[in-house]
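Enquirer: Below is one structure. I have some questions about it.
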Amino acid sequence: MLFNSIEFLFFFPLVTLGYFLTPGKWRWVLLLIASFWFYMSFIPWYVLILVLAIAVDYSAAIFIEDSKGHSRKTWMVISVLSTVAILFVFKYFNFFADNANHLAKMIGWNYNPIILRLALPIGLSFHTFQSLSYVIEVYRGNFKAERHLGVYSLYVMFYPQLVAGPIERPQHLLPKLKESHPFNWDDFNSGLLRMVWGFIKKMVIADRLSIYVNEVYAHPADHAGINSWLIMYFFAIQIYCDFSGYSDIAIGAGQVMGIKMAENFRQPYFAKTIREFWHRWHISLSTWFRDYVYFSLGGSRTTTLKWIFALMTTFILSGFWHGANWTFIIWGALHGFLLLINSFIGDKKKGNFLTWIITFHMVCFAWIFFRAPNFHDAGIMFKNLLSFAKPHAPFTTEYESMSDMLTLILMVPFMFIVESKYGTNPIQNMIQGKKLAVKWGISWAMIFIFLSFAVFKNPQSFIYFQF
Amino acid sequence: MRKNTIIFILSTIVGLYALNYLYDFMIKKDTFNKVWWMNHIHDKNYDFAFLGNSRVYTMIRTDSLEKKWHQKGINISLDGSNLAQQYMLLYQFLKNGNTVKDLYLNIDFSNLEGKLDHELRVWCFLPYIYDDTIYSGIKACFGNRAFYWRYIPFYKNIEFNSRIGIFTVGNAIVNLEKKPFNKYGDFTNVSKHKGKIGVSYPANSIKPKAENVRQFEKILAICKEHQIKLHIYTAPMWKEVRDKYLNLPDIKSNYIVRLADKYGAEYHDYTNLSIADSANYFADNTHLNLKGVDAWMKYVEDFKK
C-alpha cells in the first residue's frame with residue numbers, strides 16, 4: 001500500500017481512529033495488525049521473512065542479555081549473520097552470482113550460474129538494518145532486550161516507517177511504542193500538516209519531475225546538451241522530494257498518534273560541504289553507518305591510512321546498501337572520495353556560496369550513477385553534459401503540458417524557500433503563534449496547493465521502496 | 001482546539017462545495033475543448049453533421065462540404081472518444097436545441113471492443129456530470145468512479161487537476177490556450193508527412209463488448225427519436241490494420257449492418273478504397289495525412305450523390 005494510494009486514504013484515518021479508541025495497553029495489538037496489513041498489501045507471503053527476522057533477533061537479544069562472556073558475542077554474530085543472510089539471498093545473491101560468472105568467463109571457465117528468481121521484499125534493507133541496530137545496541141549494553149514479543153515486532157514493523165525508514169534506534173522508538181499516548185490536538189494537527197507537506201513534495205514535485213527524468217533516462221542517447229543538464233538537476237530535486245516527502249508523511253503519521261520519530265533530512269541541498277551534506281541527507285542511515293561501521297573500523301581516531309580505509313569502506317557499503325549494482329557502489333565510493341578531499345582541503349573551514357555551488361554539483365553528478373541503470377547509460381549522460389549538440393528528441397514527453405512545467409517553475413522554488421525559512425515541518429512552523437484566521441488561511445492554502453497540483457494519475461512508487 | 005479543528009474540517013468541506021461550483025462555472029465558459037465548445041452552440045439548424053473519433057475529427061473538411069453541397073454543416077466528433085462519449089456529444093448537441101438533418105457516423109470495427117474506462121476524454125464531460133443522462137453514460141463506462149465524481153465535492157477536479165483544475169480555470173479567464181479546431185469543429189493541423197506505418201499486426205478477432213454495442217444502439221435510437229437520417233460509414237485505414245481482423249465480415253453483418261437495418265440507417269464500408277493501399281496517404285496506421293485527406297474528401301463529397 002503506497003502512502004499516495006486511495007487505499008491509504010481509508011487505511012490511515014481508520015487506524016488512527018482505532019488507535020485512540022483502543023485502551024492504551026492494547027494499542028500495540030492494533031498497530032501490529034495494521035502494520036501486517038500494510039506490509040502484506042505488497043506481496044503477502046513475504047511477511048514470513050519479516051517474521052523470521054523478528055523471531056531470530058528477538059531471541060538473540062534475550063540470549064545476549066542473559067549470557068556472559070564469549071557467548072554474548074556468539075549470539076550477536078549469529079543474529080547479525082542470519083539477518084544479513086536474508087538480505088544477501090534476496091538482494092545480493094544474483095549480483096555476486098552474475099559477477100562470479102563474468103569472472104569465470106574471463107578465465108575461460110564456463111558454467112551455468114545459479115540465478116534466484118526472487119522479487120526483492122519491499123523495504124528489506126530498512127527493516128533489517130533496524131533489527132541489526134537493536135541487536136547491536138543490546139550487545140553493547142546500551143539498551144535492555146525487549147521481552148515483549150509483540151512490542152518488539154511492532155518496533156520492526158511499525159507501519160509508517162516499515163518500508164523506507166527513518167531507520168529508528170531502539171532507544172528512541174521502542175519506549176514510545178510502550179507508552180500510552182493520550183490524544184493531543186497539537187500533535188494531531190502538527191502531524192497532519194507534516195503529512196500534507198510530504199504529499200506536496202512527493203505528489204506535486206517528485207512525481208511530476210519523474211515524467212521527464214524517466215523519459216530521458218530511458219533514451220539517454222537522444223538527450224544531449226541542455227536536456228541532460230536539466231535532467232541532472234531534475235533528478236536531484238526528484239529524489240529529495242520523493243524520499244524526504246516519504247519521511248515527512250511517515251513522521252507525520254507517527255506524530256498524529258503521538259509517536260515522534262527521528263528526523264531524516266535537514267535541507268541537504270543547502271549544505272556547503274560534502275560533510276555537511278551527509279549530516280543533512282538520510283540522517284538515520286548515515287548515522288547508522290557511522291555508529292556501526294565507521295566507528296567499528298576505527299573512525300577518525302587512528303592512522304590516516306586506517307581512517308581512509310574506514311571512510312571508503314563505510315561509503316562503499318552505504319552505496320551497496322542501496323542496490324546490488326556497481327553503479328551504487330561507485331556512487332558510494334564517489335561520495336567517500338569527495339569526503340576525503342573535503343577533509344584534506346578544508347574540513348574546518350565554513351563553506352561559502354562557491355563551496356555550496358560546488359557541493360551541490362558534486363552531489364548532482366554523483367546522482368547520475370545512482371539513477372542510471374548501468375555504466376553505459378551513466379557514461380552517455382556524462383558525455384551529454386559535455387556536449388553542446390542539439391538533442392535528437394524533444395525534451396518534453398507526450399504527457400507534458402504547459403501546466404506541468406508552470407507548476408514546477410512555481411513549486412520547486414516555493415518548496416526550497418519555505419523549507420529554508422521554516423525547517424522540517426514548515427506548515428506547522430509557519431502558522432505557529434499566528435492568529436486563527438492566518439493559521440486557517442495558510443492551512444487551506446497548502447491543502448489547496450496539494451489538491452490543485454498533485455499528480456493523481458498512476459501513483460508513482462517511492463524511489464526508496466526498491467531498497 | 002477541538003472546536004476549532006471541527007470547524008476547520010467542516011468549513012473545508014463547505015469550501016470544497018464552493019470550489020466545485022466555481023470551477024464548473026468557469027470551465028463551462030471555456031471553449032478550447034471540443035465538448036465545451038459544443039455546449040456553447042444553441043438552437044442552430046444544420047443540414048449535416050459528422051460524428052466519431054479522431055478519424056472524423058482530423059479527416060473531414062466541413063467547409064469544403066458546405067461549399068460542395070450548399071448546405072450548413074458541423075463536425076461534432078471528438079478525438080479519443082468511445083461510443084459512449086459520442087452518444088453523450090450527440091445528446092448534448094440535441095439537448096441544446098440544435099437540429100440536424102443528416103448525421104454521418106464513422107464506426108470503426110475496433111470501437112465495438114474498445115476499452116470503456118479509457119480516461120483519455122472522460123474529463124471533458126465531467127463538468128456536465130450533474131445531468132442524469134451524462135452521468136449514466138459515464139457510469140456505464142466507469143462504474144462507481146462516476147458516483148465519486150458526481151457526489152464527492154471537488155473530487156473530479158482533484159483527480160483530473162491537470163485537465164479541469166486551476167490552470168483550466170485560469171485559461172477560461174485569460175484565454176491563453178487556443179482551440180485546435182476551426183469554426184466547423186474540424187482539426188486544423190493535419191500532418192503533412194507520411195507517418196510510421198506498416199507495422200505488421202498479428203491476426204486478431206474482434207470481441208465486441210455488450211456495453212459498446214449498447215452505446216452504438218443508443219446513438220441509433222436517439223437519431224431515430226429526433227428523425228435524423230443516419231449514415232454510418234467506416235473511413236479508410238491502413239490495409240494491414242484492416243486485414244488483421246479475421247472476423248470482419250461477421251462483425252459487419254452481425255453488429256453494424258444488422259443494427260443499422262433495425263433503425264433504418266445505411267452503412268458503407270470505405271476500408272477497401274485504394275487509399276488504404278498506399279502508405280503515402282497516412283500519418284499513422286489509422287489516420288490520413290494531408291494528402292490522404294485530400295483524396296478521401298473526394299469520396300466524402302460523393303456521399304450526397
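Simple scheme: letters A, B, ... for chains in C-alpha cells order, numbers from 1 for residues in each chain, numbers from 1 for ligands in the order shown.
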Give the residues of chain A that lie within 8 Å of chain B; count only C-alpha atoms, and format the answer as a VMD selection string.
Expert: chain A and resid 185 403 to 404 440 444 451 to 457
Enquirer: Give me the residues near segment 279-292 of chain B as a ChimeraX atom specification, where near means some atom within 7 Å (using only C-alpha atoms) and where sequence neighbours in that chain fewer than 4 positions away do not count.
Expert: /B:55,59,190-197,237-238,241,275,296
Enquirer: For the residues in that selection, give me C-alpha atoms as a compact mmCIF listing (two decimals), in the first residue's frame.
Expert:
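Output file out-v2.txt is given in full below:
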# COMPACT_ATOMS: atom_id res chain seq x y z
CA ARG B 55 -10.75 9.58 -37.64
CA MET B 59 -10.15 13.57 -41.64
CA VAL B 190 -3.37 17.66 -40.03
CA SER B 191 0.07 16.19 -40.58
CA LYS B 192 1.63 16.83 -43.97
CA HIS B 193 4.01 13.91 -43.66
CA LYS B 194 3.96 10.22 -44.21
CA GLY B 195 3.98 8.69 -40.78
CA LYS B 196 5.34 5.49 -39.33
CA ILE B 197 3.11 2.80 -40.69
CA MET B 237 -7.41 2.73 -42.57
CA TRP B 238 -4.03 1.25 -43.41
CA VAL B 241 -4.78 -2.81 -39.73
CA ILE B 275 -6.23 4.97 -50.48
CA TRP B 296 -10.59 10.91 -49.03
Enquirer: Report, in Å with one decimal, the straight-line distance from atom CA of Val122 of chain B to atom CA of Gln86 of chain B.
Expert: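 Pair atom CA of Val122 of chain B / atom CA of Gln86 of chain B returns 11.1 Å.
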Enquirer: Where does DSSP see helix (DSSP H, G or I) in segment 77-278 of chain B, if you list the residues as a PyMOL selection string?
Expert: chain B and resi 83-95+109-112+122-128+132-142+144-151+155-159+166-174+210-225+239-244+248-262+274-277
Enquirer: Report the distance between atom CA of Arg61 of chain B and atom CA of Lys304 of chain B in Å, rounded to one decimal place.
Expert: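 Value for the atom CA of Arg61 of chain B-atom CA of Lys304 of chain B distance: 14.8 Å.
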